[in-house]
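The structure appears below as C-alpha cells.
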Protein chains: 2
Amino acid sequence: MSAVRADLPVVGALLLSEIREQPAVLRRLADQAETFQRVADEAVARDTRIVRMVAHGSSDNAASSGVYAFGLLPGWTALRDSISLSVYYGAEVDLRDSCVLALSQSGRTPDVVDYVERAVGRGAFTIAVTNDVDSPLAQVADAVLPLLAGEERAIAATKTYTAQVATVALLAAHAAGQGPAYVDGLRVTADLLEQLLPELEPALASVATQLAFVGRMLVVGRGPEFATARELSLKLLETCRVAAEPLTATDLAHGPVAALDSLFPVWAIAQDDASLPTVVEAVTRARAAGATVIASGSAALALPGAQTVIPVPAAPLPLLGPLLSIAPGQLLAWALAQAKGLDPDRPVGLAKVTLVP
Amino acid sequence: MSAVRADLPVVGALLLSEIREQPAVLRRLADQAETFQRVADEAVARDTRIVRMVAHGSSDNAASSGVYAFGLLPGWTALRDSISLSVYYGAEVDLRDSCVLALSQSGRTPDVVDYVERAVGRGAFTIAVTNDVDSPLAQVADAVLPLLAGEERAIAATKTYTAQVATVALLAAHAAGQGPAYVDGLRVTADLLEQLLPELEPALASVATQLAFVGRMLVVGRGPEFATARELSLKLLETCRVAAEPLTATDLAHGPVAALDSLFPVWAIAQDDASLPTVVEAVTRARAAGATVIASGSAALALPGAQTVIPVPAAPLPLLGPLLSIAPGQLLAWALAQAKGLDPDRPVGLAKVTLVP
C-alpha cells in the first residue's frame, strides 16, 4: 500500500511522500484527454514536423523520452534543442513546421522562457509543460499542458519528472490518433506503479547498504529507457554525490568500457524491445571487465550475470515503461542519501527553482 | 616544432605522434575547398533544412559542434539523431529536406551504415565523413568527405576528431557562402596549433602529476565548446579511467553542483563569446562549493579562482575554436595515462573499430 506511513523518517520525508504520490498524479493526467486532444489537434493543424524540446535537468531527461514518443507515434522528428544556440548566440534557425515543447516544473527557468518568447515571435506553435499554470512560461506560450502534480517540495524532482514523461507520451499519442489507447495504458500503469512502490521500498533500502561506498557508476539504457538512465544518474548525482554517468548501450562500447573494473558498478535498464540485444551485449562486456552489474527494468532478468536484479512490471505500452522503470532509481536516491548521512530533501547547493542562466 | 622526437616514449608514442600530426591534417582539409563546395551545393540544391548527424564516440562528440556550425552559418537545424529510433525501433520519420551526415573514422560502424542505407532508400541526401573512402559507409552514401587524416593507429581518436570538427565547419561554411573565409581561418588555426602543441606538452605533463589521484571530474563547456567538453571527458575516461562527465555550464547548476566538493575537480573550457557569462557563473559556483577548478580555452584567464590555467590562442573564427581547445585534453590523456601506469595507445577492452551494435 502506498499511503504515507506514520513512521516516516524525518530526513527524506518530502522526497518519499512525493515518490508515493506518483500514481495519483498519473491518474489526474489520464483524466485530461480533452486537453491533450485539443493541443495535439492544433499541432497537427499547424503542420508540425519537428518538435523542439527545451528544458534543463530532470525536465530535459523527460524530454529524452519524447525523441521516441514523437518519432514512433506521429512520426515527427523531436530534438532536445540547443537553448544556447538561439538565446545566447542568436542563431536564426528556420522555425516553419516547428512545435516547441518547453518543459519546466516551475515555469520560471529564465532561458527556457526566453527561448519560447523568441519562438513565438517567429511563428512557431509553442506549448508550455509546467506545474504552474500562472508562471511566466505558461503566460508566454500559445498553449499550456499542466502537470497537475501538486506542489513539489523536495529539491530533487520525482513526481514532476514522471508527469512530464506521461505528458509527452499522451501528446504524441493524441497527435497520432492513439489517444484513447494511451489514456487507458496510463491508468493501468498508474495501478502497476501503486502496487510496485511499497514492494520496492525495502528492496532499495537493502541495495543502498550495498552501494554506500560507491563513488562512481555508469548507467546504461537505450531507446525510451535512455531517459531513465539519465534521470537515475541525475538523482544519484544530486542527492547522493555519486558520479553516475548515463550512456546508451552502444556508447559504452565506444570508449567507456575501457574504464570499467571491479570497483565500478554498471546499472543497466532493459525493456524487452528491439534494443534489448545491445543492452545484453553491453552487460556482457561489463561483466567481462569485472564490473558489478545491477539490472533493472521489465527485462532485468534477461541481463546475464547481474549480481543485483530489480525487475519492474512491463507497462501495457512500451513508451510508458519509463514511468515504472525510474521508480527503483528514485527510491535508491532516497535510501542511499540516508545511508550516506545526506539529506535527500535538501541537497547542499541546490535550489528548487534554478534561476541562474 | 611538431616533428616527431627521437626520444619518443615507448608507451603512448602512437597517441603523441598523432596529436602532433593534426596541423598537417587540417591543412590537407583546407586544400579541399572544391570538394566541400560541390557537396554543400548539392545539399543546398536539395533544399536541406535539417542535418541529421549520426555517429558514436569521438565522432559523435565532433557532431556536437555541428549543432552550432549549421545553426549559425546556413541556419539549418542540426541534430545528433537517434540511431536506435530508426535502426532498432523502425520509426518512419519524414526525411524530406533532410541531409544525413554520417561520421565514422573507419566507415565500418554497423548501425551507422545501416542508418544511412535506410535514409538513402527514403530519399535523404547522405554524406559520409570518413577516413576510409573505400569503406562500406563511403560506398552506401551519396557523397563522401574524406578526413585525409592518414591511418590512425592509437585506439583513442585524436587527429580524426579534429578533422571531423573541421569538416563539419567547412561544410557549413560552404553551404552559407562563407567557404573562403573558413578555409583561410582553418589555415591560420593550423599554424596556431602547430605553435601551441610543443608549448603544451610540458605544461600538461605537469598538470598530469597534479591529477594522478583524481577518479572523477566534471567538464564544463557551452556552445561550440560543448564538443570539447565531451571529447575531453571521453579521452580521460577511455585512456585514464577517470569518471569525467561533460556538462553544459547551465546543466551544472541544475543538480550536479550539489555533488561538488574539494575532492572533485571541475575543468571549465571558455571562449570569449556570448556564453562566457554562464561559464563564469558555473565556475564561481564550483569554487564556492570548494571544488578545484582547471580553466582552459581562449578565455581561460576570465574564469575566476581557477587554480590551474591552460590558455590557448583564440581561433580566427569562433567555430574553429574547438580545434585548439581540445589540445590540452588530448595531451592530458597522453600524460595522465603514463602518470597512472596505463598505456594510452591500447586501453584495455577497446578495439579501434567498434563492431558491436
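Identifiers for the C-alpha cells are assigned positionally: chains receive A, B, ... in sequence, residues are indexed from 1 per chain, and ligands are indexed from 1 in the order shown.
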**OP:** Could you please tell me, as a VMD selection string, which residues of chain A have an atom within 7 Å of chain B when using only C-alpha atoms?
**Re:** chain A and resid 56 to 57 68 71 to 72 75 to 77 79 84 to 85 88 to 89 91 to 94 223 234 237 to 238 241 245 250 to 251 254 to 259 274 to 275 278 347 to 350 354 357
**OP:** List the neighbours of B:Leu101 out to 10 Å using only C-alpha atoms; skip same-chain residues closer than 6 positions along the sequence, and give me the result as an NGL selection string.
**Re:** :B and (51-55 or 63 or 66 or 78-81 or 116 or 125-129 or 141 or 143-145 or 168)
**OP:** Using only C-alpha atoms, determine which residues lie at most 10 Å from A:Ala163, disregarding the query and same-chain residues fewer than 3 positions distant; provide the list as an NGL selection string.
**Re:** :A and (22-23 or 25-29 or 59 or 62 or 105 or 129-131 or 146-149 or 158-160 or 166-169 or 323)
Keeping C-alpha atoms, export the residues of the selection given above as a PDB file, in the first residue's frame.
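Written output follows (out.pdb):
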ATOM      1  CA  GLN A  22       3.062   9.492  -8.485  1.00  0.00           C
ATOM      2  CA  PRO A  23       0.221   7.048  -9.233  1.00  0.00           C
ATOM      3  CA  VAL A  25      -0.576  12.304 -10.493  1.00  0.00           C
ATOM      4  CA  LEU A  26      -0.610   9.927 -13.473  1.00  0.00           C
ATOM      5  CA  ARG A  27      -4.342   9.326 -12.981  1.00  0.00           C
ATOM      6  CA  ARG A  28      -5.023  13.057 -12.961  1.00  0.00           C
ATOM      7  CA  LEU A  29      -3.221  13.351 -16.303  1.00  0.00           C
ATOM      8  CA  SER A  59      12.804  18.114 -17.400  1.00  0.00           C
ATOM      9  CA  ALA A  62      11.994  13.613 -19.564  1.00  0.00           C
ATOM     10  CA  GLN A 105       8.285  22.395 -13.409  1.00  0.00           C
ATOM     11  CA  VAL A 129       4.534  21.854 -19.930  1.00  0.00           C
ATOM     12  CA  THR A 130       4.593  23.135 -16.372  1.00  0.00           C
ATOM     13  CA  ASN A 131       3.354  22.598 -12.863  1.00  0.00           C
ATOM     14  CA  PRO A 146      -0.458  21.467 -16.790  1.00  0.00           C
ATOM     15  CA  LEU A 147       1.495  18.767 -14.952  1.00  0.00           C
ATOM     16  CA  LEU A 148      -1.147  18.611 -12.179  1.00  0.00           C
ATOM     17  CA  ALA A 149       1.468  17.213  -9.805  1.00  0.00           C
ATOM     18  CA  THR A 158      10.279  12.937  -8.868  1.00  0.00           C
ATOM     19  CA  LYS A 159       6.532  13.311  -9.434  1.00  0.00           C
ATOM     20  CA  THR A 160       7.034  16.151 -11.911  1.00  0.00           C
ATOM     21  CA  ALA A 166       3.458  10.870 -19.275  1.00  0.00           C
ATOM     22  CA  THR A 167       2.556  14.262 -20.780  1.00  0.00           C
ATOM     23  CA  VAL A 168       4.969  13.803 -23.657  1.00  0.00           C
ATOM     24  CA  ALA A 169       3.584  10.313 -24.382  1.00  0.00           C
ATOM     25  CA  LEU A 323       7.156   5.545 -15.730  1.00  0.00           C
TER      26      LEU A 323
END
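Of the residues listed (B:Ala45, B:Leu196, B:Leu204, B:Val100), B:Leu204 shows the shortest atom-to-atom separation from B:Ala335; distances use only C-alpha atoms.
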**OP:** Report as a count of residues only: the residues of stretch 118-176 of chain A with a DSSP assignment of strand (DSSP E or B), based on the backbone of this structure.
**Re:** 10
For B:Thr292, work out the shell of residues within 8 Å, counting only C-alpha atoms and skipping chain neighbours fewer than 5 positions away, then give it as a PDB file with N, CA and C atoms, in the first residue's frame.
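Written file, around.pdb:
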ATOM      1  N   SER B 262      35.701  19.505  -2.358  1.00  0.00           N
ATOM      2  CA  SER B 262      37.104  19.832  -2.617  1.00  0.00           C
ATOM      3  C   SER B 262      37.879  18.664  -3.210  1.00  0.00           C
ATOM      4  N   LEU B 263      37.269  17.470  -3.266  1.00  0.00           N
ATOM      5  CA  LEU B 263      37.974  16.308  -3.811  1.00  0.00           C
ATOM      6  C   LEU B 263      37.601  16.048  -5.264  1.00  0.00           C
ATOM      7  N   PHE B 264      36.885  16.953  -5.873  1.00  0.00           N
ATOM      8  CA  PHE B 264      36.180  16.689  -7.113  1.00  0.00           C
ATOM      9  C   PHE B 264      36.435  17.865  -8.061  1.00  0.00           C
ATOM     10  N   PRO B 265      37.487  17.817  -8.887  1.00  0.00           N
ATOM     11  CA  PRO B 265      37.796  18.994  -9.694  1.00  0.00           C
ATOM     12  C   PRO B 265      36.806  19.223 -10.841  1.00  0.00           C
ATOM     13  N   VAL B 266      36.718  20.476 -11.234  1.00  0.00           N
ATOM     14  CA  VAL B 266      35.901  20.882 -12.378  1.00  0.00           C
ATOM     15  C   VAL B 266      36.834  21.471 -13.422  1.00  0.00           C
ATOM     16  N   ALA B 286      31.178  26.517  -8.581  1.00  0.00           N
ATOM     17  CA  ALA B 286      32.052  25.378  -8.286  1.00  0.00           C
ATOM     18  C   ALA B 286      33.090  25.772  -7.233  1.00  0.00           C
ATOM     19  N   ARG B 287      33.655  26.977  -7.355  1.00  0.00           N
ATOM     20  CA  ARG B 287      34.631  27.449  -6.365  1.00  0.00           C
ATOM     21  C   ARG B 287      33.977  27.606  -4.996  1.00  0.00           C
ATOM     22  N   ALA B 306      40.428  29.994 -10.733  1.00  0.00           N
ATOM     23  CA  ALA B 306      40.972  28.723 -11.221  1.00  0.00           C
ATOM     24  C   ALA B 306      42.380  28.514 -10.672  1.00  0.00           C
ATOM     25  N   GLN B 307      42.644  27.296 -10.173  1.00  0.00           N
ATOM     26  CA  GLN B 307      43.973  27.000  -9.641  1.00  0.00           C
ATOM     27  C   GLN B 307      44.964  26.709 -10.763  1.00  0.00           C
TER      28      GLN B 307
END
Subject >> Near-B:Pro322 list (9 Å; only C-alpha atoms; drop same-chain fewer than 5 positions) as a PyMOL selection string >> reply: chain B and resi 65+162+165+224-228+297+315+327
Write to file, as a tab-separated table (two decimals), in the first residue's frame, the residues of the selection just made, with C-alpha atoms.
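Result file out_12.tsv:
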chain	number	residue	atom	x	y	z
B	65	SER	CA	29.98	21.16	-32.91
B	162	THR	CA	39.78	17.41	-35.13
B	165	VAL	CA	35.25	19.16	-36.41
B	224	PRO	CA	30.70	25.12	-29.74
B	225	GLU	CA	32.95	24.20	-26.81
B	226	PHE	CA	30.47	21.62	-25.53
B	227	ALA	CA	32.00	19.33	-28.16
B	228	THR	CA	35.36	19.93	-26.48
B	297	GLY	CA	40.14	27.63	-23.73
B	315	ALA	CA	40.94	30.95	-33.33
B	327	ALA	CA	44.65	20.07	-27.49
Subject >> Selection near A:Asp114, 9 Å with only C-alpha atoms, sequence-local residues under 5 positions removed, as JSON, numbers by chain >> reply: {"A": [87, 109, 119, 137]}
Please produce a file of the residues just selected, as a short mmCIF file (atom, residue, chain, number, x, y, z; two decimals), in the first residue's frame, where the atoms kept are C-alpha atoms.
data_model
loop_
_atom_site.label_atom_id
_atom_site.label_comp_id
_atom_site.auth_asym_id
_atom_site.auth_seq_id
_atom_site.Cartn_x
_atom_site.Cartn_y
_atom_site.Cartn_z
CA VAL A 87 19.24 32.54 -26.75
CA THR A 109 13.59 28.88 -15.88
CA ALA A 119 9.96 31.20 -30.96
CA LEU A 137 6.34 30.26 -19.21
#
Subject >> Shortest interatomic distance to B:Val207 - which of B:Gly12, B:Gly107, B:Gly341, B:Gly329, counting only C-alpha atoms >> reply: B:Gly329
Apply DSSP to the backbone of this structure and, from stretch 103-221 of chain A, keep only the residues in helix (DSSP H, G or I); write these as an mmCIF file with N, CA and C atoms, in the first residue's frame.
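And here is the file that came out, part-v1.cif:
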data_model
loop_
_atom_site.group_PDB
_atom_site.id
_atom_site.type_symbol
_atom_site.label_atom_id
_atom_site.label_comp_id
_atom_site.auth_asym_id
_atom_site.auth_seq_id
_atom_site.Cartn_x
_atom_site.Cartn_y
_atom_site.Cartn_z
ATOM 1 N N PRO A 110 14.783 30.902 -16.633
ATOM 2 C CA PRO A 110 14.870 32.099 -17.485
ATOM 3 C C PRO A 110 15.169 31.822 -18.957
ATOM 4 N N ASP A 111 16.148 30.959 -19.255
ATOM 5 C CA ASP A 111 16.471 30.846 -20.677
ATOM 6 C C ASP A 111 15.459 30.000 -21.436
ATOM 7 N N VAL A 112 14.681 29.181 -20.730
ATOM 8 C CA VAL A 112 13.586 28.453 -21.389
ATOM 9 C C VAL A 112 12.470 29.444 -21.755
ATOM 10 N N VAL A 113 12.151 30.350 -20.834
ATOM 11 C CA VAL A 113 11.138 31.375 -21.131
ATOM 12 C C VAL A 113 11.613 32.254 -22.289
ATOM 13 N N ASP A 114 12.884 32.623 -22.265
ATOM 14 C CA ASP A 114 13.458 33.465 -23.308
ATOM 15 C C ASP A 114 13.366 32.758 -24.674
ATOM 16 N N TYR A 115 13.721 31.472 -24.691
ATOM 17 C CA TYR A 115 13.649 30.699 -25.943
ATOM 18 C C TYR A 115 12.223 30.737 -26.497
ATOM 19 N N VAL A 116 11.240 30.509 -25.615
ATOM 20 C CA VAL A 116 9.849 30.440 -26.082
ATOM 21 C C VAL A 116 9.383 31.800 -26.598
ATOM 22 N N GLU A 117 9.777 32.866 -25.915
ATOM 23 C CA GLU A 117 9.399 34.207 -26.404
ATOM 24 C C GLU A 117 9.906 34.430 -27.828
ATOM 25 N N ARG A 118 11.163 34.039 -28.068
ATOM 26 C CA ARG A 118 11.716 34.206 -29.417
ATOM 27 C C ARG A 118 10.961 33.351 -30.429
ATOM 28 N N ALA A 119 10.625 32.119 -30.029
ATOM 29 C CA ALA A 119 9.961 31.198 -30.959
ATOM 30 C C ALA A 119 8.553 31.688 -31.293
ATOM 31 N N VAL A 120 7.842 32.242 -30.300
ATOM 32 C CA VAL A 120 6.513 32.802 -30.559
ATOM 33 C C VAL A 120 6.636 33.923 -31.582
ATOM 34 N N GLY A 121 7.632 34.772 -31.383
ATOM 35 C CA GLY A 121 7.829 35.908 -32.286
ATOM 36 C C GLY A 121 8.133 35.477 -33.706
ATOM 37 N N PRO A 136 5.465 32.538 -15.730
ATOM 38 C CA PRO A 136 5.844 33.276 -16.940
ATOM 39 C C PRO A 136 5.850 32.379 -18.184
ATOM 40 N N LEU A 137 6.308 31.150 -18.051
ATOM 41 C CA LEU A 137 6.340 30.256 -19.212
ATOM 42 C C LEU A 137 4.929 30.002 -19.733
ATOM 43 N N ALA A 138 3.987 29.727 -18.824
ATOM 44 C CA ALA A 138 2.610 29.476 -19.236
ATOM 45 C C ALA A 138 2.010 30.714 -19.897
ATOM 46 N N GLN A 139 2.411 31.879 -19.405
ATOM 47 C CA GLN A 139 1.837 33.101 -19.970
ATOM 48 C C GLN A 139 2.344 33.391 -21.379
ATOM 49 N N VAL A 140 3.573 33.043 -21.643
ATOM 50 C CA VAL A 140 4.141 33.412 -22.941
ATOM 51 C C VAL A 140 3.826 32.387 -24.036
ATOM 52 N N LYS A 159 7.875 13.383 -8.845
ATOM 53 C CA LYS A 159 6.532 13.311 -9.434
ATOM 54 C C LYS A 159 6.393 14.225 -10.650
ATOM 55 N N THR A 160 7.147 15.317 -10.707
ATOM 56 C CA THR A 160 7.034 16.151 -11.911
ATOM 57 C C THR A 160 7.797 15.526 -13.080
ATOM 58 N N TYR A 161 8.848 14.742 -12.797
ATOM 59 C CA TYR A 161 9.533 14.024 -13.884
ATOM 60 C C TYR A 161 8.594 13.016 -14.539
ATOM 61 N N THR A 162 7.956 12.167 -13.734
ATOM 62 C CA THR A 162 7.063 11.161 -14.339
ATOM 63 C C THR A 162 5.858 11.840 -14.991
ATOM 64 N N ALA A 163 5.379 12.939 -14.408
ATOM 65 C CA ALA A 163 4.274 13.658 -15.048
ATOM 66 C C ALA A 163 4.690 14.192 -16.421
ATOM 67 N N GLN A 164 5.939 14.628 -16.532
ATOM 68 C CA GLN A 164 6.412 15.118 -17.838
ATOM 69 C C GLN A 164 6.536 13.981 -18.850
ATOM 70 N N VAL A 165 7.068 12.835 -18.410
ATOM 71 C CA VAL A 165 7.184 11.686 -19.329
ATOM 72 C C VAL A 165 5.789 11.278 -19.814
ATOM 73 N N ALA A 166 4.821 11.240 -18.896
ATOM 74 C CA ALA A 166 3.458 10.870 -19.275
ATOM 75 C C ALA A 166 2.844 11.912 -20.212
ATOM 76 N N THR A 167 3.100 13.183 -19.940
ATOM 77 C CA THR A 167 2.556 14.262 -20.780
ATOM 78 C C THR A 167 3.081 14.170 -22.205
ATOM 79 N N VAL A 168 4.363 13.937 -22.331
ATOM 80 C CA VAL A 168 4.969 13.803 -23.657
ATOM 81 C C VAL A 168 4.336 12.626 -24.405
ATOM 82 N N ALA A 169 4.171 11.491 -23.730
ATOM 83 C CA ALA A 169 3.584 10.313 -24.382
ATOM 84 C C ALA A 169 2.128 10.575 -24.774
ATOM 85 N N LEU A 170 1.373 11.228 -23.893
ATOM 86 C CA LEU A 170 -0.036 11.500 -24.207
ATOM 87 C C LEU A 170 -0.169 12.473 -25.374
ATOM 88 N N LEU A 171 0.669 13.478 -25.418
ATOM 89 C CA LEU A 171 0.597 14.433 -26.526
ATOM 90 C C LEU A 171 0.933 13.734 -27.846
ATOM 91 N N ALA A 172 1.993 12.938 -27.842
ATOM 92 C CA ALA A 172 2.387 12.223 -29.065
ATOM 93 C C ALA A 172 1.288 11.264 -29.504
ATOM 94 N N ALA A 173 0.691 10.580 -28.535
ATOM 95 C CA ALA A 173 -0.355 9.606 -28.863
ATOM 96 C C ALA A 173 -1.578 10.302 -29.453
ATOM 97 N N HIS A 174 -1.993 11.406 -28.859
ATOM 98 C CA HIS A 174 -3.152 12.129 -29.395
ATOM 99 C C HIS A 174 -2.861 12.693 -30.786
ATOM 100 N N ALA A 175 -1.616 13.104 -31.032
ATOM 101 C CA ALA A 175 -1.261 13.605 -32.367
ATOM 102 C C ALA A 175 -1.320 12.490 -33.407
ATOM 103 N N GLY A 179 -4.832 8.410 -28.885
ATOM 104 C CA GLY A 179 -5.058 8.945 -27.551
ATOM 105 C C GLY A 179 -5.737 7.968 -26.602
ATOM 106 N N PRO A 180 -6.895 7.400 -26.985
ATOM 107 C CA PRO A 180 -7.602 6.534 -26.032
ATOM 108 C C PRO A 180 -6.762 5.349 -25.547
ATOM 109 N N ALA A 181 -6.009 4.732 -26.428
ATOM 110 C CA ALA A 181 -5.187 3.589 -26.008
ATOM 111 C C ALA A 181 -4.151 4.016 -24.975
ATOM 112 N N TYR A 182 -3.590 5.207 -25.159
ATOM 113 C CA TYR A 182 -2.564 5.665 -24.216
ATOM 114 C C TYR A 182 -3.165 6.130 -22.895
ATOM 115 N N VAL A 183 -4.370 6.706 -22.957
ATOM 116 C CA VAL A 183 -5.047 7.075 -21.704
ATOM 117 C C VAL A 183 -5.333 5.812 -20.890
ATOM 118 N N ASP A 184 -5.866 4.796 -21.556
ATOM 119 C CA ASP A 184 -6.112 3.529 -20.852
ATOM 120 C C ASP A 184 -4.805 2.934 -20.330
ATOM 121 N N GLY A 185 -3.793 2.954 -21.161
ATOM 122 C CA GLY A 185 -2.495 2.405 -20.765
ATOM 123 C C GLY A 185 -1.911 3.137 -19.567
ATOM 124 N N LEU A 186 -2.132 4.449 -19.532
ATOM 125 C CA LEU A 186 -1.596 5.230 -18.414
ATOM 126 C C LEU A 186 -2.298 4.859 -17.108
ATOM 127 N N ARG A 187 -3.610 4.600 -17.190
ATOM 128 C CA ARG A 187 -4.328 4.192 -15.967
ATOM 129 C C ARG A 187 -3.804 2.845 -15.451
ATOM 130 N N VAL A 188 -3.591 1.922 -16.369
ATOM 131 C CA VAL A 188 -3.047 0.611 -15.973
ATOM 132 C C VAL A 188 -1.650 0.792 -15.365
ATOM 133 N N THR A 189 -0.860 1.670 -15.985
ATOM 134 C CA THR A 189 0.498 1.914 -15.486
ATOM 135 C C THR A 189 0.458 2.511 -14.081
ATOM 136 N N ALA A 190 -0.477 3.416 -13.839
ATOM 137 C CA ALA A 190 -0.612 4.014 -12.503
ATOM 138 C C ALA A 190 -0.926 2.928 -11.468
ATOM 139 N N ASP A 191 -1.794 1.988 -11.832
ATOM 140 C CA ASP A 191 -2.113 0.893 -10.909
ATOM 141 C C ASP A 191 -0.875 0.023 -10.647
ATOM 142 N N LEU A 192 -0.142 -0.277 -11.712
ATOM 143 C CA LEU A 192 1.073 -1.092 -11.550
ATOM 144 C C LEU A 192 2.085 -0.385 -10.651
ATOM 145 N N LEU A 193 2.210 0.924 -10.821
ATOM 146 C CA LEU A 193 3.162 1.690 -10.017
ATOM 147 C C LEU A 193 2.727 1.708 -8.550
ATOM 148 N N GLU A 194 1.432 1.804 -8.334
ATOM 149 C CA GLU A 194 0.929 1.825 -6.954
ATOM 150 C C GLU A 194 1.233 0.506 -6.229
ATOM 151 N N GLN A 195 1.134 -0.601 -6.949
ATOM 152 C CA GLN A 195 1.496 -1.901 -6.366
ATOM 153 C C GLN A 195 3.003 -2.024 -6.159
ATOM 154 N N LEU A 196 3.743 -1.470 -7.118
ATOM 155 C CA LEU A 196 5.194 -1.667 -7.144
ATOM 156 C C LEU A 196 5.922 -0.931 -6.025
ATOM 157 N N LEU A 197 5.523 0.317 -5.769
ATOM 158 C CA LEU A 197 6.322 1.174 -4.876
ATOM 159 C C LEU A 197 6.529 0.564 -3.490
ATOM 160 N N PRO A 198 5.474 0.072 -2.813
ATOM 161 C CA PRO A 198 5.714 -0.475 -1.468
ATOM 162 C C PRO A 198 6.575 -1.744 -1.478
ATOM 163 N N GLU A 199 6.570 -2.480 -2.609
ATOM 164 C CA GLU A 199 7.470 -3.640 -2.711
ATOM 165 C C GLU A 199 8.918 -3.196 -2.876
ATOM 166 N N LEU A 200 9.092 -2.094 -3.617
ATOM 167 C CA LEU A 200 10.460 -1.651 -3.902
ATOM 168 C C LEU A 200 11.122 -0.976 -2.709
ATOM 169 N N GLU A 201 10.343 -0.331 -1.840
ATOM 170 C CA GLU A 201 10.962 0.465 -0.767
ATOM 171 C C GLU A 201 11.943 -0.354 0.069
ATOM 172 N N PRO A 202 11.547 -1.515 0.625
ATOM 173 C CA PRO A 202 12.534 -2.289 1.399
ATOM 174 C C PRO A 202 13.647 -2.854 0.519
ATOM 175 N N ALA A 203 13.322 -3.217 -0.728
ATOM 176 C CA ALA A 203 14.351 -3.781 -1.611
ATOM 177 C C ALA A 203 15.453 -2.755 -1.868
ATOM 178 N N LEU A 204 15.068 -1.512 -2.113
ATOM 179 C CA LEU A 204 16.076 -0.495 -2.411
ATOM 180 C C LEU A 204 16.848 -0.077 -1.163
ATOM 181 N N ALA A 205 16.213 -0.160 -0.001
ATOM 182 C CA ALA A 205 16.958 0.134 1.226
ATOM 183 C C ALA A 205 18.116 -0.850 1.358
ATOM 184 N N SER A 206 17.872 -2.097 0.966
ATOM 185 C CA SER A 206 18.921 -3.108 1.024
ATOM 186 C C SER A 206 19.998 -2.851 -0.030
ATOM 187 N N VAL A 207 19.590 -2.477 -1.239
ATOM 188 C CA VAL A 207 20.580 -2.155 -2.283
ATOM 189 C C VAL A 207 21.433 -0.959 -1.851
ATOM 190 N N ALA A 208 20.809 -0.011 -1.160
ATOM 191 C CA ALA A 208 21.549 1.190 -0.731
ATOM 192 C C ALA A 208 22.699 0.829 0.199
ATOM 193 N N THR A 209 22.461 -0.105 1.091
ATOM 194 C CA THR A 209 23.525 -0.528 2.002
ATOM 195 C C THR A 209 24.725 -1.049 1.217
ATOM 196 N N GLN A 210 24.398 -1.823 0.190
ATOM 197 C CA GLN A 210 25.419 -2.427 -0.670
ATOM 198 C C GLN A 210 26.213 -1.358 -1.448
ATOM 199 N N LEU A 211 25.561 -0.223 -1.759
ATOM 200 C CA LEU A 211 26.185 0.787 -2.619
ATOM 201 C C LEU A 211 26.723 1.993 -1.846
#
Subject >> Interatomic distance (Å, one decimal) between atom CA of B:Ile269 and atom CA of B:Leu317 >> reply: 16.6 Å
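You will find atom CA of B:Asp132 at 23.0 Å from atom CA of B:Asp41.
Residues surrounding A:Ala314 within 9 Å are Thr189, Leu192, Gln271, Asp272, Gly297, Ser298, Ala299, Val312, Pro316, Leu317, Pro318, Leu320, Gly321, Leu324 and Ser325 of chain A [only C-alpha atoms; sequence separation below 2 positions excluded].
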Keeping only C-alpha atoms, write the selected residues as a compact mmCIF listing (two decimals), in the first residue's frame.
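Contents of the output file again.txt:
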# COMPACT_ATOMS: atom_id res chain seq x y z
CA THR A 189 0.50 1.91 -15.49
CA LEU A 192 1.07 -1.09 -11.55
CA GLN A 271 12.92 -3.47 -21.61
CA ASP A 272 12.06 -6.45 -23.80
CA GLY A 297 13.63 -2.59 -15.94
CA SER A 298 11.00 -5.04 -17.11
CA ALA A 299 13.65 -7.24 -18.78
CA VAL A 312 9.63 -3.95 -12.57
CA PRO A 316 0.98 -2.05 -21.23
CA LEU A 317 2.65 0.11 -23.91
CA PRO A 318 6.46 0.28 -24.28
CA LEU A 320 5.03 4.08 -20.82
CA GLY A 321 7.76 1.75 -19.50
CA LEU A 324 7.79 2.27 -13.93
CA SER A 325 11.49 1.80 -14.51
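Straight-line separation from atom CA of A:Ile19 to atom CA of A:Glu231: 13.8 Å.
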